[in-house]
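Novice: Just so it is clear, I am handing over start_19.csv, which has CSV, C-alpha atoms and all ligand atoms.
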```csv
chain,number,residue,atom,x,y,z
A,1,MET,CA,29.8,23.8,-7.5
A,2,SER,CA,26.6,22.1,-6.3
A,3,ARG,CA,24.8,19.4,-8.2
A,4,VAL,CA,21.2,19.7,-9.1
A,5,TYR,CA,18.5,17.0,-9.0
A,6,ASN,CA,18.2,16.2,-12.6
A,7,PHE,CA,14.8,14.7,-13.6
A,8,SER,CA,15.6,14.4,-17.2
A,9,ALA,CA,14.2,11.4,-19.1
A,10,GLY,CA,17.6,10.8,-20.7
A,11,PRO,CA,20.5,11.2,-20.7
A,12,ALA,CA,19.8,11.1,-17.0
A,13,MET,CA,21.5,11.2,-13.6
A,14,LEU,CA,24.2,8.8,-12.8
A,15,PRO,CA,25.2,7.7,-9.3
A,16,GLU,CA,27.5,10.3,-7.8
A,17,GLU,CA,29.8,7.5,-6.6
A,18,VAL,CA,30.3,6.4,-10.2
A,19,LEU,CA,31.1,9.9,-11.3
A,20,ARG,CA,33.6,10.3,-8.5
A,21,GLN,CA,35.3,7.0,-9.1
A,22,SER,CA,35.6,7.6,-12.8
A,23,SER,CA,36.9,11.1,-12.3
A,24,ALA,CA,39.6,9.8,-9.9
A,25,GLU,CA,40.6,7.3,-12.6
A,26,MET,CA,40.4,9.8,-15.5
A,27,LEU,CA,44.1,10.4,-16.0
A,28,ASP,CA,45.5,7.1,-14.9
A,29,TYR,CA,43.3,4.0,-14.9
A,30,GLN,CA,44.7,1.7,-12.3
A,31,GLY,CA,48.4,2.3,-13.0
A,32,CYS,CA,48.1,2.1,-16.8
A,33,GLY,CA,49.2,5.7,-17.1
A,34,MET,CA,46.3,6.5,-19.4
A,35,SER,CA,42.6,7.0,-19.4
A,36,VAL,CA,40.2,4.3,-20.4
A,37,MET,CA,39.3,6.5,-23.4
A,38,GLU,CA,42.9,6.3,-24.6
A,39,MET,CA,43.2,2.5,-24.3
A,40,SER,CA,43.3,-0.1,-27.0
A,41,HIS,CA,40.1,-2.1,-27.1
A,42,ARG,CA,42.3,-5.1,-27.6
A,43,SER,CA,44.4,-4.5,-24.5
A,44,SER,CA,44.1,-6.8,-21.5
A,45,SER,CA,43.1,-3.8,-19.3
A,46,PHE,CA,40.0,-3.1,-21.5
A,47,GLN,CA,39.3,-6.9,-21.9
A,48,ASN,CA,39.1,-7.0,-18.1
A,49,ILE,CA,36.7,-4.0,-18.0
A,50,LEU,CA,34.5,-5.7,-20.6
A,51,ASP,CA,34.6,-9.1,-19.0
A,52,GLN,CA,33.8,-7.7,-15.5
A,53,ALA,CA,30.9,-5.5,-16.8
A,54,GLN,CA,29.5,-8.5,-18.6
A,55,GLN,CA,29.8,-10.8,-15.6
A,56,ASP,CA,28.3,-8.2,-13.2
A,57,LEU,CA,25.4,-7.8,-15.5
A,58,LYS,CA,24.9,-11.5,-15.8
A,59,ASP,CA,25.0,-11.7,-11.9
A,60,LEU,CA,22.5,-8.9,-11.5
A,61,LEU,CA,20.1,-10.6,-14.0
A,62,ALA,CA,20.8,-14.1,-12.8
A,63,LEU,CA,21.1,-14.7,-16.5
A,64,PRO,CA,20.4,-18.2,-17.7
A,65,ASP,CA,23.3,-19.8,-19.6
A,66,ASN,CA,21.5,-19.8,-23.0
A,67,TYR,CA,21.5,-16.0,-23.2
A,68,LYS,CA,24.2,-13.7,-24.6
A,69,VAL,CA,25.0,-10.2,-23.5
A,70,LEU,CA,26.0,-7.7,-26.2
A,71,PHE,CA,27.3,-4.1,-25.8
A,72,LEU,CA,26.4,-2.4,-29.1
A,73,GLN,CA,26.0,1.1,-30.6
A,74,GLY,CA,23.4,3.0,-32.4
A,75,GLY,CA,21.1,3.4,-29.4
A,76,ALA,CA,17.8,1.8,-28.8
A,77,SER,CA,16.6,3.2,-32.1
A,78,GLN,CA,19.0,1.0,-34.0
A,79,GLN,CA,17.5,-2.0,-32.4
A,80,PHE,CA,14.1,-1.1,-33.9
A,81,ALA,CA,15.7,-2.1,-37.2
A,82,MET,CA,18.1,-4.8,-36.0
A,83,VAL,CA,15.4,-6.8,-34.4
A,84,PRO,CA,13.3,-7.4,-37.6
A,85,MET,CA,16.4,-7.7,-39.8
A,86,ASN,CA,17.7,-10.6,-37.6
A,87,LEU,CA,14.5,-12.1,-36.2
A,88,MET,CA,12.0,-12.0,-39.0
A,89,LYS,CA,12.5,-15.5,-40.4
A,90,ASN,CA,8.8,-15.9,-41.5
A,91,GLY,CA,8.7,-12.2,-42.3
A,92,VAL,CA,5.9,-11.6,-39.7
A,93,ALA,CA,5.9,-9.9,-36.3
A,94,ASP,CA,3.3,-8.6,-33.9
A,95,TYR,CA,3.7,-5.2,-32.2
A,96,ILE,CA,1.8,-3.8,-29.2
A,97,VAL,CA,1.9,-0.1,-29.6
A,98,THR,CA,1.9,1.7,-26.2
A,99,GLY,CA,3.7,4.9,-27.1
A,100,GLN,CA,6.0,6.8,-29.4
A,101,TRP,CA,8.9,4.4,-29.1
A,102,ALA,CA,6.8,1.3,-29.8
A,103,LYS,CA,5.2,3.2,-32.7
A,104,LYS,CA,8.6,3.9,-34.2
A,105,ALA,CA,9.7,0.3,-33.7
A,106,TYR,CA,6.5,-0.9,-35.4
A,107,ALA,CA,7.1,1.4,-38.3
A,108,GLU,CA,10.6,0.2,-38.6
A,109,GLY,CA,9.5,-3.5,-38.4
A,110,ALA,CA,7.0,-2.8,-41.3
A,111,LYS,CA,10.0,-2.0,-43.6
A,112,TYR,CA,11.3,-5.5,-43.3
A,113,GLY,CA,8.2,-7.7,-43.2
A,114,LYS,CA,4.6,-7.9,-42.2
A,115,ALA,CA,4.2,-6.0,-39.0
A,116,ASN,CA,0.9,-6.4,-37.2
A,117,LYS,CA,-0.4,-3.9,-34.7
A,118,LEU,CA,-1.7,-6.4,-32.2
A,119,ALA,CA,-3.0,-3.8,-29.7
A,120,THR,CA,-2.6,-0.1,-29.1
A,121,SER,CA,-3.5,2.5,-26.4
A,122,GLU,CA,-3.3,5.4,-28.8
A,123,ASP,CA,-7.1,6.1,-28.4
A,124,ARG,CA,-6.3,7.7,-25.0
A,125,THR,CA,-2.9,9.3,-25.8
A,126,PHE,CA,-1.2,6.1,-24.5
A,127,ALA,CA,-2.4,6.7,-20.9
A,128,TYR,CA,-2.7,2.9,-20.2
A,129,ILE,CA,-1.4,-0.5,-21.1
A,130,PRO,CA,-4.0,-2.6,-23.1
A,131,ASP,CA,-5.1,-6.0,-21.7
A,132,CYS,CA,-2.7,-8.4,-23.2
A,133,ALA,CA,-3.9,-11.7,-21.7
A,134,ASP,CA,-5.5,-13.1,-24.8
A,135,LEU,CA,-4.5,-11.2,-27.9
A,136,PRO,CA,-4.8,-12.7,-31.4
A,137,VAL,CA,-1.1,-13.5,-31.8
A,138,SER,CA,-0.3,-14.3,-35.4
A,139,PRO,CA,0.3,-18.1,-35.8
A,140,ASP,CA,3.4,-17.4,-37.9
A,141,ALA,CA,4.8,-14.4,-35.9
A,142,ASP,CA,8.5,-14.5,-35.4
A,143,TYR,CA,8.1,-12.4,-32.2
A,144,VAL,CA,5.8,-10.2,-30.2
A,145,TYR,CA,7.2,-6.8,-29.5
A,146,ILE,CA,6.6,-4.5,-26.5
A,147,CYS,CA,8.1,-1.3,-25.1
A,148,GLU,CA,8.0,-2.4,-21.5
A,149,ASN,CA,8.2,1.1,-19.8
A,150,ASN,CA,6.9,4.0,-21.8
A,151,THR,CA,9.3,6.8,-21.0
A,152,ILE,CA,7.2,9.6,-22.5
A,153,TYR,CA,3.8,8.6,-21.1
A,154,GLY,CA,4.8,7.0,-17.8
A,155,THR,CA,3.2,3.6,-18.2
A,156,LYS,CA,4.7,0.2,-17.5
A,157,TYR,CA,3.5,-3.4,-18.1
A,158,LYS,CA,2.7,-5.0,-14.8
A,159,THR,CA,2.2,-8.3,-16.4
A,160,LEU,CA,3.8,-9.4,-19.6
A,161,PRO,CA,1.6,-10.2,-22.6
A,162,ASN,CA,0.6,-13.7,-23.3
A,163,THR,CA,2.6,-14.3,-26.5
A,164,LYS,CA,1.2,-17.8,-27.0
A,165,GLY,CA,4.7,-19.3,-27.2
A,166,LYS,CA,6.2,-16.7,-29.5
A,167,PRO,CA,9.4,-15.0,-28.4
A,168,LEU,CA,8.9,-11.8,-26.5
A,169,VAL,CA,11.1,-8.8,-27.6
A,170,ALA,CA,11.2,-6.0,-25.1
A,171,ASP,CA,12.5,-2.5,-25.2
A,172,GLN,CA,13.5,-2.0,-21.6
A,173,SER,CA,15.5,1.3,-22.2
A,174,SER,CA,13.8,3.2,-19.4
A,175,CYS,CA,13.3,0.4,-16.8
A,176,PHE,CA,16.4,-1.7,-17.3
A,177,LEU,CA,17.8,-3.0,-13.9
A,178,SER,CA,15.1,-1.1,-12.0
A,179,GLU,CA,13.6,-4.2,-10.5
A,180,PRO,CA,14.1,-8.0,-10.6
A,181,VAL,CA,13.4,-9.6,-14.0
A,182,ASP,CA,12.9,-13.2,-15.1
A,183,VAL,CA,14.9,-13.1,-18.3
A,184,SER,CA,13.7,-16.6,-19.3
A,185,ARG,CA,10.4,-15.1,-20.2
A,186,TYR,CA,12.0,-13.0,-23.0
A,187,GLY,CA,13.6,-13.8,-26.3
A,188,LEU,CA,15.4,-10.5,-26.5
A,189,ILE,CA,15.7,-7.5,-24.3
A,190,PHE,CA,17.4,-4.3,-25.3
A,191,ALA,CA,18.1,-1.1,-23.4
A,192,GLY,CA,19.8,2.2,-24.4
A,193,ALA,CA,22.2,3.0,-21.6
A,194,GLN,CA,21.5,6.7,-21.1
A,195,LYS,CA,18.3,6.2,-19.0
A,196,ASN,CA,19.3,3.8,-16.2
A,197,ILE,CA,22.8,2.4,-16.7
A,198,GLY,CA,25.3,4.8,-18.2
A,199,PRO,CA,26.2,7.4,-20.8
A,200,ALA,CA,24.6,7.5,-24.3
A,201,GLY,CA,26.5,5.5,-26.9
A,202,VAL,CA,25.9,2.0,-25.5
A,203,VAL,CA,22.9,-0.2,-26.0
A,204,VAL,CA,22.8,-3.5,-24.1
A,205,VAL,CA,21.2,-6.5,-25.9
A,206,ILE,CA,20.3,-9.7,-24.1
A,207,ILE,CA,19.4,-12.4,-26.6
A,208,ARG,CA,18.5,-16.0,-26.3
A,209,GLU,CA,21.1,-17.9,-28.2
A,210,ASP,CA,18.7,-19.9,-30.4
A,211,LEU,CA,17.3,-16.6,-31.8
A,212,ILE,CA,20.7,-15.5,-33.2
A,213,PRO,CA,20.3,-16.4,-36.8
A,214,GLU,CA,23.1,-18.2,-38.7
A,215,GLU,CA,22.0,-16.5,-41.9
A,216,VAL,CA,20.4,-13.2,-42.5
A,217,PRO,CA,19.2,-11.6,-45.8
A,218,ALA,CA,22.0,-10.2,-47.9
A,219,PHE,CA,20.9,-6.6,-47.4
A,220,VAL,CA,21.7,-6.7,-43.7
A,221,PRO,CA,24.9,-4.9,-43.0
A,222,THR,CA,27.6,-6.9,-41.2
A,223,MET,CA,27.5,-4.4,-38.3
A,224,LEU,CA,23.7,-5.1,-37.8
A,225,GLN,CA,24.1,-8.9,-37.4
A,226,TYR,CA,23.7,-10.2,-33.9
A,227,LYS,CA,25.8,-13.2,-34.8
A,228,ILE,CA,28.8,-11.1,-35.7
A,229,HIS,CA,28.7,-9.3,-32.3
A,230,ALA,CA,27.9,-12.5,-30.4
A,231,ASP,CA,30.8,-14.5,-32.1
A,232,ASN,CA,33.2,-11.6,-31.4
A,233,ASN,CA,32.0,-11.0,-27.8
A,234,SER,CA,31.1,-7.4,-28.6
A,235,LEU,CA,34.6,-6.8,-30.0
A,236,TYR,CA,34.0,-7.1,-33.8
A,237,ASN,CA,35.0,-3.5,-34.1
A,238,THR,CA,35.9,-0.8,-31.6
A,239,PRO,CA,33.1,-0.9,-29.1
A,240,PRO,CA,32.0,2.2,-27.1
A,241,CYS,CA,34.8,1.6,-24.6
A,242,TYR,CA,34.3,4.4,-22.2
A,243,GLY,CA,30.6,3.9,-22.1
A,244,ILE,CA,31.0,0.2,-21.3
A,245,TYR,CA,33.4,1.2,-18.5
A,246,ILE,CA,30.9,3.5,-16.9
A,247,CYS,CA,28.1,1.0,-17.3
A,248,GLY,CA,30.3,-1.5,-15.5
A,249,LYS,CA,30.7,0.9,-12.7
A,250,VAL,CA,26.9,1.4,-12.5
A,251,PHE,CA,26.5,-2.4,-12.4
A,252,GLN,CA,28.8,-2.6,-9.4
A,253,TRP,CA,27.0,0.3,-7.8
A,254,ILE,CA,23.7,-1.6,-8.2
A,255,LYS,CA,25.2,-4.7,-6.7
A,256,ALA,CA,26.3,-2.7,-3.7
A,257,GLN,CA,22.8,-1.4,-3.3
A,258,GLY,CA,21.5,-4.9,-2.9
A,259,GLY,CA,21.1,-5.8,-6.6
A,260,LEU,CA,17.8,-5.6,-8.4
A,261,GLU,CA,15.8,-6.3,-5.2
A,262,GLY,CA,17.6,-3.4,-3.6
A,263,MET,CA,16.9,-1.2,-6.6
A,264,GLN,CA,13.2,-2.2,-6.6
A,265,GLN,CA,12.8,-1.3,-2.9
A,266,ARG,CA,14.4,2.1,-3.5
A,267,ASN,CA,12.4,2.7,-6.6
A,268,LEU,CA,9.1,1.7,-5.0
A,269,GLU,CA,9.8,4.0,-2.1
A,270,LYS,CA,10.5,7.0,-4.4
A,271,ALA,CA,7.6,6.4,-6.7
A,272,LYS,CA,5.2,6.0,-3.7
A,273,LEU,CA,6.2,9.3,-2.3
A,274,LEU,CA,5.4,11.1,-5.5
A,275,TYR,CA,2.3,9.2,-6.5
A,276,ASP,CA,0.8,9.5,-3.0
A,277,PHE,CA,1.2,13.2,-3.1
A,278,LEU,CA,-0.3,13.4,-6.6
A,279,ASP,CA,-3.3,11.5,-5.4
A,280,GLU,CA,-4.0,13.8,-2.5
A,281,SER,CA,-3.0,17.1,-4.2
A,282,ARG,CA,-5.6,19.7,-5.0
A,283,LEU,CA,-3.5,21.2,-7.8
A,284,PHE,CA,-1.5,18.4,-9.4
A,285,ARG,CA,-2.7,15.1,-10.9
A,286,GLY,CA,-1.1,12.2,-12.6
A,287,THR,CA,-2.0,11.6,-16.3
A,288,VAL,CA,-2.1,7.8,-16.6
A,289,ASP,CA,-4.3,4.9,-15.3
A,290,LYS,CA,-3.1,4.1,-11.7
A,291,LYS,CA,-2.8,0.4,-12.4
A,292,ASP,CA,-0.3,1.0,-15.2
A,293,ARG,CA,1.9,3.6,-13.5
A,294,SER,CA,5.6,3.5,-14.2
A,295,LEU,CA,8.2,3.5,-11.3
A,296,MET,CA,10.6,5.5,-13.5
A,297,ASN,CA,8.7,8.2,-15.3
A,298,VAL,CA,6.0,10.2,-13.6
A,299,PRO,CA,4.0,12.6,-15.8
A,300,PHE,CA,1.7,15.1,-14.1
A,301,VAL,CA,-0.2,18.3,-14.8
A,302,THR,CA,-2.0,21.2,-13.1
A,303,GLY,CA,-4.5,21.5,-15.9
A,304,ASP,CA,-3.3,25.0,-16.6
A,305,LYS,CA,-0.5,25.5,-19.2
A,306,ASP,CA,0.7,28.7,-17.8
A,307,LEU,CA,0.8,27.3,-14.3
A,308,ASP,CA,2.7,24.3,-15.6
A,309,ALA,CA,5.3,26.6,-17.2
A,310,LYS,CA,5.6,28.6,-14.0
A,311,PHE,CA,6.1,25.4,-12.0
A,312,VAL,CA,8.9,24.2,-14.3
A,313,LYS,CA,10.6,27.5,-14.1
A,314,GLU,CA,10.5,27.9,-10.4
A,315,ALA,CA,11.5,24.3,-9.8
A,316,ALA,CA,14.6,24.8,-11.9
A,317,ALA,CA,15.5,27.9,-9.9
A,318,LYS,CA,15.5,25.6,-6.8
A,319,GLY,CA,17.8,23.0,-8.5
A,320,LEU,CA,15.1,20.7,-9.6
A,321,VAL,CA,15.8,20.6,-13.3
A,322,ASN,CA,14.4,19.1,-16.5
A,323,LEU,CA,10.8,18.7,-15.3
A,324,LYS,CA,9.1,19.8,-18.4
A,325,GLY,CA,6.9,17.1,-19.9
A,326,HIS,CA,7.2,15.7,-23.4
A,327,ARG,CA,5.5,17.9,-26.0
A,328,THR,CA,2.9,15.3,-26.8
A,329,VAL,CA,1.7,15.2,-23.2
A,330,GLY,CA,2.4,18.6,-21.9
A,331,GLY,CA,2.8,19.5,-18.2
A,332,MET,CA,5.6,18.0,-16.2
A,333,ARG,CA,7.4,14.7,-16.1
A,334,ALA,CA,9.7,13.6,-13.3
A,335,SER,CA,12.0,10.8,-14.4
A,336,ILE,CA,13.2,9.1,-11.2
A,337,TYR,CA,15.6,6.4,-12.5
A,338,ASN,CA,17.8,4.2,-10.3
A,339,ALA,CA,20.3,7.0,-9.7
A,340,MET,CA,17.8,9.5,-8.4
A,341,PRO,CA,18.1,9.5,-4.6
A,342,LEU,CA,15.1,9.5,-2.3
A,343,ALA,CA,16.1,13.0,-1.1
A,344,GLY,CA,15.7,14.2,-4.7
A,345,VAL,CA,12.1,13.1,-4.8
A,346,GLN,CA,11.4,14.4,-1.3
A,347,THR,CA,12.8,17.8,-2.3
A,348,LEU,CA,10.5,17.7,-5.4
A,349,VAL,CA,7.4,16.8,-3.3
A,350,ASP,CA,8.2,19.5,-0.7
A,351,PHE,CA,8.5,22.0,-3.5
A,352,MET,CA,5.2,20.9,-5.1
A,353,LYS,CA,3.4,21.3,-1.7
A,354,GLN,CA,4.8,24.8,-1.4
A,355,PHE,CA,3.8,25.7,-5.0
A,356,GLU,CA,0.3,24.3,-4.3
A,357,THR,CA,-0.1,26.5,-1.3
A,358,GLU,CA,1.1,29.6,-3.2
A,359,ASN,CA,-0.9,28.9,-6.4
A,360,GLY,CA,-3.7,26.6,-5.4
B,401,LIG,C1,15.0,6.9,-25.0
B,401,LIG,C2,14.3,5.7,-25.6
B,401,LIG,C3,14.5,5.2,-26.8
B,401,LIG,C4,15.5,5.9,-27.8
B,401,LIG,O1,16.8,5.7,-27.4
B,401,LIG,P1,18.0,6.1,-28.4
B,401,LIG,O2,19.2,5.5,-27.6
B,401,LIG,O3,18.0,7.6,-28.4
B,401,LIG,O4,17.8,5.5,-29.7
B,401,LIG,C5,13.9,4.1,-27.2
B,401,LIG,N1,13.0,3.4,-26.4
B,401,LIG,C6,12.7,3.9,-25.2
B,401,LIG,C7,11.8,3.2,-24.3
B,401,LIG,C8,13.4,5.0,-24.7
B,401,LIG,O5,13.1,5.5,-23.5
```
Would you write the structure of this file as structure tokens?
Ligand SMILES: *Cc1c(COP(=O)(O)O)cnc(C)c1O
Specialist:
Amino acid sequence: MSRVYNFSAGPAMLPEEVLRQSSAEMLDYQGCGMSVMEMSHRSSSFQNILDQAQQDLKDLLALPDNYKVLFLQGGASQQFAMVPMNLMKNGVADYIVTGQWAKKAYAEGAKYGKANKLATSEDRTFAYIPDCADLPVSPDADYVYICENNTIYGTKYKTLPNTKGKPLVADQSSCFLSEPVDVSRYGLIFAGAQKNIGPAGVVVVIIREDLIPEEVPAFVPTMLQYKIHADNNSLYNTPPCYGIYICGKVFQWIKAQGGLEGMQQRNLEKAKLLYDFLDESRLFRGTVDKKDRSLMNVPFVTGDKDLDAKFVKEAAAKGLVNLKGHRTVGGMRASIYNAMPLAGVQTLVDFMKQFETENG
């Protein structure tokens, strides 16, 4: 069996080393005689897995002491509701809408309070990040919300918005741990695991302690209270044990690659290879403003729908799979998350050159 280069936006590729290690431990985790999947979440073996994953993540992020790490469920989409349910004390929040995920978060926020659309890039199909240096942040806003890397459109904030002192909440699902990050600039970061750090079923939340409310409105379910999960160290109920174990392995893999600096170097190199080719290609072109290009998701088109479809089909036959773009953008999208090796991007670019020669 040979593995393909999987350019899926998520669930996405995992490092091969992580898959090999976890398969070696599948039947008998370190002499326990059972799989991590079969283990009590209250056992010392699982407690060690959880503690280690948490510590490795803290190390990677150089996490300040006043932040908590939570491993929750419900995906990034659950956070669209959990954030306003817990953080809207004044009942007001400002949203910057740079794509479908931010739009969904904004719509969810509007269910629980007054959600303001502070800025949007919808006028050009979200092909850019608006200037956020001096936005009219609401004086009573409980937070300013962004989707930092827009998975579908392939844009990323290169500078964070000026929130005028309000806590910044960021959906980092598709850029989490892809480069160094100054956590102290955020109030809350969340990331669904299945893009950059593990299997679907885990969402990581990094929250500044003073933002964890003591009291929430009565309608908020117990399971959707940050305080419950923070007080119980992500063990209020059965957590997504196996997913946390795989995330932990990915954190160790990232450490071994030189931490977030190492990841950034690798990711810059991969993205440069692809973007440089797009910029010189006679057939393919990128779809977003250059200054806002994502290192993780790279959408591109030929300008001809039939040719796009032919490309996707022929690429798949060569083991370059899941290159079809999102239906709202069309064309192609190469997601080149942390686990995608440089060789995968090189193989893609080589194939694009060949396709261009044959069809250009
Ligand atoms: C994939 C994705 C989501 C949705 O994640 P789920 O875990 O499926 O809820 C939200 N935000 C961003 C930026 C994403 O890439």
Novice: Taking only C-alpha atoms and all ligand atoms and a cut-off of 8 Å, can you tell me which residues surround ligand LIG 401 (chain B), written as a PyMOL selection string?
Specialist: chain A and resi 9-10+74-79+101-102+147-152+171-174+191-195+200-203
Novice: For A:Glu261, work out the shell of residues within 8 Å, counting only C-alpha atoms and skipping chain neighbours fewer than 4 positions away, then give it as number ranges by chain.
Specialist: A: 179-180, 265
Novice: Tell me which protein, DNA and RNA residues are within 9 Å of A:Gly303, counting all atoms listed in the file, leaving out same-chain ones fewer than 4 positions away, and put them as JSON, numbers by chain.
Specialist: {"A": [283, 284, 285, 307, 308, 331]}
Novice: Export C-alpha atoms of the chosen residues as an mmCIF file, in the coordinates of the input?
Specialist:
```
data_model
loop_
_atom_site.group_PDB
_atom_site.id
_atom_site.type_symbol
_atom_site.label_atom_id
_atom_site.label_comp_id
_atom_site.auth_asym_id
_atom_site.auth_seq_id
_atom_site.Cartn_x
_atom_site.Cartn_y
_atom_site.Cartn_z
ATOM 1 C CA LEU A 283 -3.500 21.200 -7.800
ATOM 2 C CA PHE A 284 -1.500 18.400 -9.400
ATOM 3 C CA ARG A 285 -2.700 15.100 -10.900
ATOM 4 C CA LEU A 307 0.800 27.300 -14.300
ATOM 5 C CA ASP A 308 2.700 24.300 -15.600
ATOM 6 C CA GLY A 331 2.800 19.500 -18.200
#
```
Novice: Using all atoms listed in the file, find the one residue out of A:Met340, A:Val216, A:Ala141, A:Ala107 that sits nearest to A:Ala81.
Specialist: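 The closest residue to A:Ala81 is A:Ala107.
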Novice: For a quick check of understanding, using only C-alpha atoms, which of A:Gln73, A:Gly113, A:Gln55, A:Gly360 has the smallest distance to A:Tyr236?
Specialist: A:Gln73
Novice: To one decimal place, how far is atom CA of A:Leu118 from atom CA of A:Tyr95 in Å?
Specialist: 5.5 Å
Novice: Considering only C-alpha atoms, can you say which of A:Tyr128, A:Tyr226, A:Tyr245, A:Tyr157 comes closest to A:Pro84?
Specialist: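 Counting only C-alpha atoms, the residue closest to A:Pro84 is A:Tyr226.
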Novice: Which residue gives the smallest distance to A:Tyr112 among A:Phe126, A:Phe219, A:Asp51, A:Ala170, with all atoms listed in the file counted?
Specialist: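 Among the listed residues, the smallest separation from A:Tyr112 belongs to A:Phe219.
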Novice: Identify which of the residues A:Lys255, A:Lys272, A:Lys89, A:Lys249 lies closest to A:Gln52, counting all atoms listed in the file when measuring atom-to-atom distances.
Specialist: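 Smallest distance to A:Gln52 is found for A:Lys249.
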Novice: Rounded to one decimal place, report the atom CA of A:Thr302-atom CA of A:Arg333 distance in Å.
Specialist: 11.8 Å
Novice: Find, counting only C-alpha atoms, the residue in A:Leu160, A:Met296, A:Met332, A:Leu87 that gets nearest to A:Val312.
Specialist: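 Result for the nearest residue to A:Val312: A:Met332.
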Novice: Go ahead and find all residues with at least one atom no further than 8 Å from (0.5, -3.3, -14.2) in the file's coordinates, using all atoms listed in the file; report them as a VMD selection string.
Specialist: chain A and resid 129 156 to 159 291 to 293
Novice: Give me, as a tab-separated table, each residue of stretch 207-311 of chain A that comes within 10 Å of stretch 347-359 of chain A, together with its shortest interatomic pair and the distance in Å at one decimal, counting all atoms listed in the file, with rows ordered by chain and rising residue number.
Specialist:
```
residue	atom	partner	partner_atom	distance
A:Leu273	CA	A:Val349	CA	7.7
A:Leu274	CA	A:Val349	CA	6.4
A:Tyr275	CA	A:Val349	CA	9.7
A:Asp276	CA	A:Val349	CA	9.8
A:Phe277	CA	A:Val349	CA	7.2
A:Leu278	CA	A:Val349	CA	9.0
A:Ser281	CA	A:Glu356	CA	7.9
A:Arg282	CA	A:Glu356	CA	7.5
A:Leu283	CA	A:Glu356	CA	6.0
A:Phe284	CA	A:Glu356	CA	8.0
A:Thr302	CA	A:Glu356	CA	9.6
A:Leu307	CA	A:Asn359	CA	8.2
A:Lys310	CA	A:Phe355	CA	9.6
A:Phe311	CA	A:Phe355	CA	7.4
```
Novice: When you look at stretch 24-31 of chain A with a cut-off of 12 Å (counting all atoms listed in the file), what residues show up, excluding the ones that are within fewer than 3 positions of it in the same chain? I need them as a ChimeraX atom specification.
Specialist: /A:17-21,34-39,45-46,48-49,242,245-246,249
